[in-house]
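J.: What follows is a structure written as structure tokens; I'll ask about it next.
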Amino acid sequence: MLRVCVIGLGPIGNRHADIYVENPLSQLVGVCDIDETRANATAQRLGVTPFYNVPKMLEECKPDVVSVATGGYEYSSDHYAPTMQALEAGCHVLGEKPISNNISHGEEMVAKAKEMSVCYGIDLNHRFTPAARLAKKWVDEGRLGHLLFINMAMWIMNPAESSPYYHLKALHPHTIDVMRYFCGDIEAVHCFATKAPGRQIWSTAQFNMRFKNGVVGSLTGSYDIERGHPMERCEVAGTGGRFVLEDMWHELTLYPAGNLEKTVYTDPAFGGFGDFIDTFRDRIGTFLRQVSDGVAPEDIDGSGEEGLAAQKVIAAAIESLDTETVVYIK
């Protein structure tokens, strides 16, 4: 059983802690937040020791795995220090997205994990579903033939505002990761955006992308639309057919080229995903299982490197938005 600590005890950090308590592969041994009230509340609720200082918790608890669910400016600015401390202590780390909106910090965290030979993953939970895995299997089996294009869209109503690029940075680590999961590395991006009435940030955006394998793609994202159903849609097409994935896990449909019979996977009413929290359970459970099984750090699903790759695409999209040019990923 893996000894686990959680750093950062907002709603997402508490969700991590709850899932570690219920997972048979893990034992929650400590929680940490600079806000003593939050740390004490979670510790009392779950029956573990509260900490207000990361090095002290790492020294006393000696965890195998650490979740870093801190927040900060644009949801990511507080990830760097605790992640580096946990990696330096030899812990496997599962960090919240975005890995970091400071690209150099993200590169340092990925490099530190490699130096310490530990597993470093990011909570890119939108691809951790049975439907997404089946879609990936179809791609790997060649059932879509030669890949041609991908269209991705995600929208939610989020009135929060910070930097002009808050929507791009906070929402699209997920969508870009899903696109990369199916179609590989992205080499170029062009982005336009608009501000809904009353908004001060770029709250709706359209990305055009080219992948290194020649696939072309589009991504539409918005913080201005009530969710309803669906809130996320992904379509991937090739010479042999196409699939459409609705809302991460709800339904996946394969449309074979030249065949009027389609294949549909529907999330089952019993035994399937019940709600969005199940994507966290799957993602965290996968990380625990891979660490327990001794999976090599470079083979971790949803790795720090993959999280960093998504942020580099977002950084290029912001540069494109500012310059009205096509930007190539560095």
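Starting from 1 in every chain, residues are counted up; chains themselves are A, B, ... following the order of the structure tokens, and ligands are numbered from 1 as listed.
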If you count only C-alpha atoms, which residues fall within 8 Å of Ala131 (chain A), apart from same-chain ones fewer than 5 positions away, as a PDB file with N, CA and C atoms, in the first residue's frame?

T.:
ATOM      1  N   LEU A 245     -16.852  11.358 -29.942  1.00  0.00           N
ATOM      2  CA  LEU A 245     -16.871  11.105 -28.499  1.00  0.00           C
ATOM      3  C   LEU A 245     -17.608  12.260 -27.826  1.00  0.00           C
ATOM      4  N   MET A 248     -16.794  13.075 -22.863  1.00  0.00           N
ATOM      5  CA  MET A 248     -15.717  12.303 -22.225  1.00  0.00           C
ATOM      6  C   MET A 248     -16.032  10.830 -22.066  1.00  0.00           C
ATOM      7  N   TRP A 249     -17.215  10.530 -21.511  1.00  0.00           N
ATOM      8  CA  TRP A 249     -17.515   9.123 -21.234  1.00  0.00           C
ATOM      9  C   TRP A 249     -18.919   8.701 -21.652  1.00  0.00           C
ATOM     10  N   HIS A 250     -19.776   9.638 -21.988  1.00  0.00           N
ATOM     11  CA  HIS A 250     -21.185   9.303 -22.189  1.00  0.00           C
ATOM     12  C   HIS A 250     -21.430   8.388 -23.381  1.00  0.00           C
ATOM     13  N   GLU A 251     -20.880   8.752 -24.534  1.00  0.00           N
ATOM     14  CA  GLU A 251     -21.150   7.934 -25.720  1.00  0.00           C
ATOM     15  C   GLU A 251     -20.040   8.122 -26.751  1.00  0.00           C
ATOM     16  N   LEU A 252     -19.694   7.013 -27.411  1.00  0.00           N
ATOM     17  CA  LEU A 252     -18.674   6.994 -28.459  1.00  0.00           C
ATOM     18  C   LEU A 252     -19.254   6.253 -29.654  1.00  0.00           C
ATOM     19  N   TYR A 265     -20.674   2.799 -28.388  1.00  0.00           N
ATOM     20  CA  TYR A 265     -20.448   2.492 -26.979  1.00  0.00           C
ATOM     21  C   TYR A 265     -21.209   3.521 -26.162  1.00  0.00           C
ATOM     22  N   ASP A 267     -22.172   4.620 -22.152  1.00  0.00           N
ATOM     23  CA  ASP A 267     -21.835   4.390 -20.746  1.00  0.00           C
ATOM     24  C   ASP A 267     -23.000   3.675 -20.062  1.00  0.00           C
TER      25      ASP A 267
END

J.: Excluding Ala237 (chain A) and residues on its chain fewer than 6 positions from it, collect all residues at most 7 Å away from it, counting only C-alpha atoms, and give them as an MDAnalysis selection string.

T.: chainID A and resid 144 147:150 243

J.: Could you give me, as a short mmCIF file (atom, residue, chain, number, x, y, z; two decimals) with N, CA and C atoms, in the first residue's frame, each residue of region 52-246 of chain A that DSSP assigns to strand (DSSP E) when run on this structure's backbone?

T.:
data_model
loop_
_atom_site.label_atom_id
_atom_site.label_comp_id
_atom_site.auth_asym_id
_atom_site.auth_seq_id
_atom_site.Cartn_x
_atom_site.Cartn_y
_atom_site.Cartn_z
N VAL A 65 3.76 8.76 -2.51
CA VAL A 65 3.06 9.54 -3.54
C VAL A 65 2.55 10.84 -2.94
N VAL A 66 2.66 11.92 -3.70
CA VAL A 66 2.14 13.22 -3.27
C VAL A 66 1.27 13.80 -4.37
N SER A 67 0.08 14.23 -4.02
CA SER A 67 -0.75 15.02 -4.93
C SER A 67 -0.51 16.49 -4.65
N VAL A 68 -0.24 17.25 -5.70
CA VAL A 68 -0.08 18.69 -5.58
C VAL A 68 -1.30 19.34 -6.23
N HIS A 92 6.85 10.10 -5.83
CA HIS A 92 6.09 10.17 -7.08
C HIS A 92 5.05 11.27 -6.90
N VAL A 93 4.84 12.06 -7.95
CA VAL A 93 3.96 13.23 -7.83
C VAL A 93 2.88 13.19 -8.89
N LEU A 94 1.65 13.43 -8.45
CA LEU A 94 0.52 13.67 -9.35
C LEU A 94 0.09 15.11 -9.15
N GLY A 95 0.30 15.94 -10.17
CA GLY A 95 -0.01 17.36 -10.05
C GLY A 95 -1.30 17.71 -10.76
N TYR A 120 5.98 11.18 -12.54
CA TYR A 120 5.35 12.50 -12.45
C TYR A 120 4.19 12.54 -13.44
N GLY A 121 2.98 12.65 -12.91
CA GLY A 121 1.79 12.71 -13.74
C GLY A 121 1.01 13.98 -13.51
N ILE A 122 0.14 14.31 -14.45
CA ILE A 122 -0.73 15.47 -14.35
C ILE A 122 -2.18 14.98 -14.42
N LEU A 147 -5.10 9.01 -40.59
CA LEU A 147 -5.78 10.11 -39.91
C LEU A 147 -5.71 11.40 -40.74
N LEU A 148 -6.82 12.12 -40.74
CA LEU A 148 -6.93 13.34 -41.55
C LEU A 148 -7.20 14.58 -40.71
N PHE A 149 -8.23 14.52 -39.84
CA PHE A 149 -8.56 15.73 -39.08
C PHE A 149 -9.17 15.38 -37.73
N ILE A 150 -9.12 16.37 -36.83
CA ILE A 150 -9.76 16.29 -35.52
C ILE A 150 -10.44 17.61 -35.23
N ASN A 151 -11.68 17.54 -34.74
CA ASN A 151 -12.42 18.72 -34.30
C ASN A 151 -12.79 18.53 -32.83
N MET A 152 -12.42 19.49 -32.01
CA MET A 152 -12.64 19.40 -30.56
C MET A 152 -13.38 20.65 -30.10
N ALA A 153 -14.28 20.49 -29.13
CA ALA A 153 -14.99 21.64 -28.58
C ALA A 153 -15.31 21.39 -27.12
N MET A 154 -15.23 22.44 -26.32
CA MET A 154 -15.61 22.36 -24.91
C MET A 154 -16.09 23.72 -24.45
N TRP A 155 -17.19 23.72 -23.70
CA TRP A 155 -17.73 24.99 -23.22
C TRP A 155 -18.35 24.80 -21.84
N ILE A 186 1.54 18.38 -31.67
CA ILE A 186 1.10 19.53 -32.46
C ILE A 186 2.32 20.39 -32.78
N GLU A 187 2.41 20.83 -34.04
CA GLU A 187 3.60 21.60 -34.44
C GLU A 187 3.31 23.07 -34.73
N ALA A 188 2.05 23.42 -35.01
CA ALA A 188 1.74 24.81 -35.34
C ALA A 188 0.32 25.14 -34.91
N VAL A 189 0.09 26.39 -34.52
CA VAL A 189 -1.23 26.80 -34.04
C VAL A 189 -1.52 28.24 -34.48
N HIS A 190 -2.79 28.48 -34.75
CA HIS A 190 -3.27 29.83 -35.07
C HIS A 190 -4.54 30.03 -34.25
N CYS A 191 -4.64 31.14 -33.53
CA CYS A 191 -5.74 31.34 -32.59
C CYS A 191 -6.40 32.70 -32.79
N PHE A 192 -7.74 32.67 -32.77
CA PHE A 192 -8.55 33.89 -32.69
C PHE A 192 -9.39 33.79 -31.42
N ALA A 193 -9.78 34.92 -30.86
CA ALA A 193 -10.61 34.91 -29.66
C ALA A 193 -11.50 36.13 -29.62
N THR A 194 -12.53 36.04 -28.80
CA THR A 194 -13.46 37.16 -28.63
C THR A 194 -13.86 37.28 -27.17
N THR A 204 -13.96 33.35 -25.28
CA THR A 204 -14.27 32.33 -26.28
C THR A 204 -13.16 32.35 -27.32
N ALA A 205 -12.68 31.18 -27.69
CA ALA A 205 -11.52 31.11 -28.58
C ALA A 205 -11.67 30.00 -29.62
N GLN A 206 -11.02 30.21 -30.75
CA GLN A 206 -10.96 29.22 -31.83
C GLN A 206 -9.49 29.00 -32.20
N PHE A 207 -9.05 27.74 -32.11
CA PHE A 207 -7.69 27.38 -32.46
C PHE A 207 -7.71 26.56 -33.76
N ASN A 208 -6.77 26.81 -34.64
CA ASN A 208 -6.49 25.92 -35.77
C ASN A 208 -5.10 25.34 -35.57
N MET A 209 -4.96 24.04 -35.81
CA MET A 209 -3.71 23.35 -35.48
C MET A 209 -3.26 22.45 -36.62
N ARG A 210 -1.95 22.26 -36.70
CA ARG A 210 -1.39 21.23 -37.56
C ARG A 210 -0.51 20.33 -36.71
N PHE A 211 -0.70 19.03 -36.86
CA PHE A 211 0.06 18.04 -36.11
C PHE A 211 1.29 17.61 -36.90
N VAL A 216 -4.77 17.78 -39.47
CA VAL A 216 -5.17 19.16 -39.20
C VAL A 216 -6.34 19.13 -38.22
N GLY A 217 -6.46 20.18 -37.41
CA GLY A 217 -7.49 20.15 -36.39
C GLY A 217 -7.98 21.52 -35.98
N SER A 218 -9.13 21.53 -35.32
CA SER A 218 -9.69 22.76 -34.79
C SER A 218 -10.14 22.52 -33.36
N LEU A 219 -10.12 23.57 -32.58
CA LEU A 219 -10.57 23.54 -31.19
C LEU A 219 -11.37 24.80 -30.91
N THR A 220 -12.59 24.63 -30.44
CA THR A 220 -13.42 25.76 -30.02
C THR A 220 -13.66 25.64 -28.53
N GLY A 221 -13.40 26.70 -27.80
CA GLY A 221 -13.60 26.68 -26.35
C GLY A 221 -14.26 27.95 -25.87
N SER A 222 -15.05 27.84 -24.80
CA SER A 222 -15.75 29.02 -24.32
C SER A 222 -16.01 28.93 -22.82
N GLU A 232 -18.68 18.76 -24.01
CA GLU A 232 -17.41 18.45 -24.66
C GLU A 232 -17.67 17.48 -25.80
N ARG A 233 -17.02 17.71 -26.92
CA ARG A 233 -17.22 16.85 -28.08
C ARG A 233 -15.92 16.73 -28.85
N CYS A 234 -15.58 15.52 -29.27
CA CYS A 234 -14.36 15.29 -30.04
C CYS A 234 -14.69 14.39 -31.23
N GLU A 235 -14.31 14.84 -32.40
CA GLU A 235 -14.49 14.07 -33.64
C GLU A 235 -13.13 13.87 -34.30
N VAL A 236 -12.79 12.61 -34.60
CA VAL A 236 -11.54 12.27 -35.28
C VAL A 236 -11.89 11.49 -36.53
N ALA A 237 -11.30 11.87 -37.67
CA ALA A 237 -11.63 11.23 -38.94
C ALA A 237 -10.38 10.85 -39.71
N GLY A 238 -10.51 9.75 -40.44
CA GLY A 238 -9.46 9.28 -41.31
C GLY A 238 -10.04 8.67 -42.57
N GLY A 241 -12.69 5.91 -41.73
CA GLY A 241 -13.87 6.17 -40.91
C GLY A 241 -13.62 7.30 -39.93
N ARG A 242 -14.57 7.51 -39.05
CA ARG A 242 -14.42 8.55 -38.04
C ARG A 242 -15.17 8.13 -36.78
N PHE A 243 -14.78 8.75 -35.66
CA PHE A 243 -15.55 8.55 -34.43
C PHE A 243 -15.93 9.89 -33.83
N VAL A 244 -16.99 9.87 -33.03
CA VAL A 244 -17.43 11.04 -32.28
C VAL A 244 -17.55 10.64 -30.82
N LEU A 245 -16.85 11.36 -29.94
CA LEU A 245 -16.87 11.11 -28.50
C LEU A 245 -17.61 12.26 -27.83
N GLU A 246 -18.70 11.94 -27.14
CA GLU A 246 -19.52 12.95 -26.48
C GLU A 246 -19.27 12.95 -24.97
#

J.: I need the residues in region 43-289 of chain A that are helix (DSSP H, G or I) according to DSSP; give them as a PyMOL selection string.

T.: chain A and resi 43-46+54-61+73-75+80-88+103-116+125-127+130-140+166-183+277-289

J.: Which polymer residues have any atom within 12 Å of an atom of Gly106 (chain A), counting only C-alpha atoms, with same-chain residues fewer than 2 positions away left out, as number ranges by chain?

T.: A: 76-81, 83-84, 95, 97-104, 108-113, 120, 122, 303-312

J.: Considering only C-alpha atoms, state which residue in the set A:Lys212, A:Ile7, A:Glu74, A:Met57 is at the smallest distance from Arg38 (chain A).

T.: A:Ile7

J.: Which residue, A:Leu124, A:Cys61, A:Asn14, A:Glu22, has the smallest gap to Arg45 (chain A) when you use only C-alpha atoms?

T.: A:Asn14

J.: What's around Gly294 (chain A) at 12 Å? Count only C-alpha atoms, leave out sequence neighbours fewer than 6 positions away in its own chain, and write the answer as a VMD selection string.

T.: chain A and resid 92 117 to 119 287 to 288 300

J.: Calculated over only C-alpha atoms, which of the candidates A:Lys56, A:Arg180, A:Arg143, A:Arg227 has the smallest distance to Val31 (chain A)?

T.: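 Of A:Lys56, A:Arg180, A:Arg143, A:Arg227, the one nearest Val31 (chain A), counting only C-alpha atoms, is A:Lys56.
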
J.: Could you list, as an MDAnalysis selection string, every residue within 8 Å of Ser26 (chain A), counting only C-alpha atoms and ignoring same-chain residues fewer than 4 positions away?

T.: chainID A and resid 1:4 20:21 288

J.: In Å, how far is it from CA of Tyr328 (chain A) to CA of Ala316 (chain A)?

T.: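 Result for CA of Tyr328 (chain A) versus CA of Ala316 (chain A): 6.9 Å, one decimal.
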
J.: As JSON, numbers by chain, please: the residues near Gly30 (chain A) (cut-off 7 Å, only C-alpha atoms, same-chain neighbours under 3 positions excluded).

T.: {"A": [5, 6, 48, 49, 50, 61]}

J.: Next, the residues of the selection above should be written as a PDB file, in the first residue's frame with all heavy atoms.

T.:
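The result, stored in result.pdb:
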ATOM      1  N   CYS A   5       0.288  11.708   0.537  1.00  0.00           N
ATOM      2  CA  CYS A   5      -0.033  13.017   1.118  1.00  0.00           C
ATOM      3  C   CYS A   5      -0.625  13.908   0.039  1.00  0.00           C
ATOM      4  O   CYS A   5      -0.340  13.734  -1.153  1.00  0.00           O
ATOM      5  CB  CYS A   5       1.218  13.682   1.694  1.00  0.00           C
ATOM      6  SG  CYS A   5       1.873  12.920   3.191  1.00  0.00           S
ATOM      7  N   VAL A   6      -1.439  14.866   0.457  1.00  0.00           N
ATOM      8  CA  VAL A   6      -2.047  15.822  -0.459  1.00  0.00           C
ATOM      9  C   VAL A   6      -1.664  17.230  -0.027  1.00  0.00           C
ATOM     10  O   VAL A   6      -1.804  17.591   1.150  1.00  0.00           O
ATOM     11  CB  VAL A   6      -3.583  15.678  -0.496  1.00  0.00           C
ATOM     12  CG1 VAL A   6      -4.193  16.777  -1.367  1.00  0.00           C
ATOM     13  CG2 VAL A   6      -3.988  14.305  -1.008  1.00  0.00           C
ATOM     14  N   VAL A  48      -6.514  12.218   9.606  1.00  0.00           N
ATOM     15  CA  VAL A  48      -5.071  12.217   9.362  1.00  0.00           C
ATOM     16  C   VAL A  48      -4.452  13.451  10.008  1.00  0.00           C
ATOM     17  O   VAL A  48      -5.154  14.314  10.540  1.00  0.00           O
ATOM     18  CB  VAL A  48      -4.759  12.188   7.849  1.00  0.00           C
ATOM     19  CG1 VAL A  48      -5.277  10.901   7.216  1.00  0.00           C
ATOM     20  CG2 VAL A  48      -5.345  13.403   7.142  1.00  0.00           C
ATOM     21  N   THR A  49      -3.129  13.555   9.922  1.00  0.00           N
ATOM     22  CA  THR A  49      -2.412  14.661  10.542  1.00  0.00           C
ATOM     23  C   THR A  49      -2.375  15.871   9.615  1.00  0.00           C
ATOM     24  O   THR A  49      -2.043  15.726   8.432  1.00  0.00           O
ATOM     25  CB  THR A  49      -0.974  14.243  10.889  1.00  0.00           C
ATOM     26  OG1 THR A  49      -1.013  13.106  11.735  1.00  0.00           O
ATOM     27  CG2 THR A  49      -0.219  15.380  11.567  1.00  0.00           C
ATOM     28  N   PRO A  50      -2.699  17.064  10.129  1.00  0.00           N
ATOM     29  CA  PRO A  50      -2.593  18.267   9.299  1.00  0.00           C
ATOM     30  C   PRO A  50      -1.181  18.850   9.355  1.00  0.00           C
ATOM     31  O   PRO A  50      -0.502  18.787  10.384  1.00  0.00           O
ATOM     32  CB  PRO A  50      -3.596  19.219   9.951  1.00  0.00           C
ATOM     33  CG  PRO A  50      -3.568  18.848  11.402  1.00  0.00           C
ATOM     34  CD  PRO A  50      -3.309  17.358  11.446  1.00  0.00           C
ATOM     35  N   CYS A  61       6.082  12.295   7.373  1.00  0.00           N
ATOM     36  CA  CYS A  61       5.189  11.271   6.812  1.00  0.00           C
ATOM     37  C   CYS A  61       5.892  10.316   5.861  1.00  0.00           C
ATOM     38  O   CYS A  61       5.441   9.189   5.659  1.00  0.00           O
ATOM     39  CB  CYS A  61       4.018  11.935   6.082  1.00  0.00           C
ATOM     40  SG  CYS A  61       2.880  12.818   7.151  1.00  0.00           S
TER      41      CYS A  61
END

J.: Record the distance separating CA of Ser203 (chain A) and CA of Asp123 (chain A), expressed in Å with one decimal.

T.: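 Atom-to-atom, CA of Ser203 (chain A) to CA of Asp123 (chain A), that is 23.1 Å.
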
J.: For each of A:Ala86, A:Ala39, A:Pro24, A:Ala315, take the minimum atom-to-atom distance to Val54 (chain A), counting only C-alpha atoms, then give the residue where this is smallest.

T.: A:Ala86
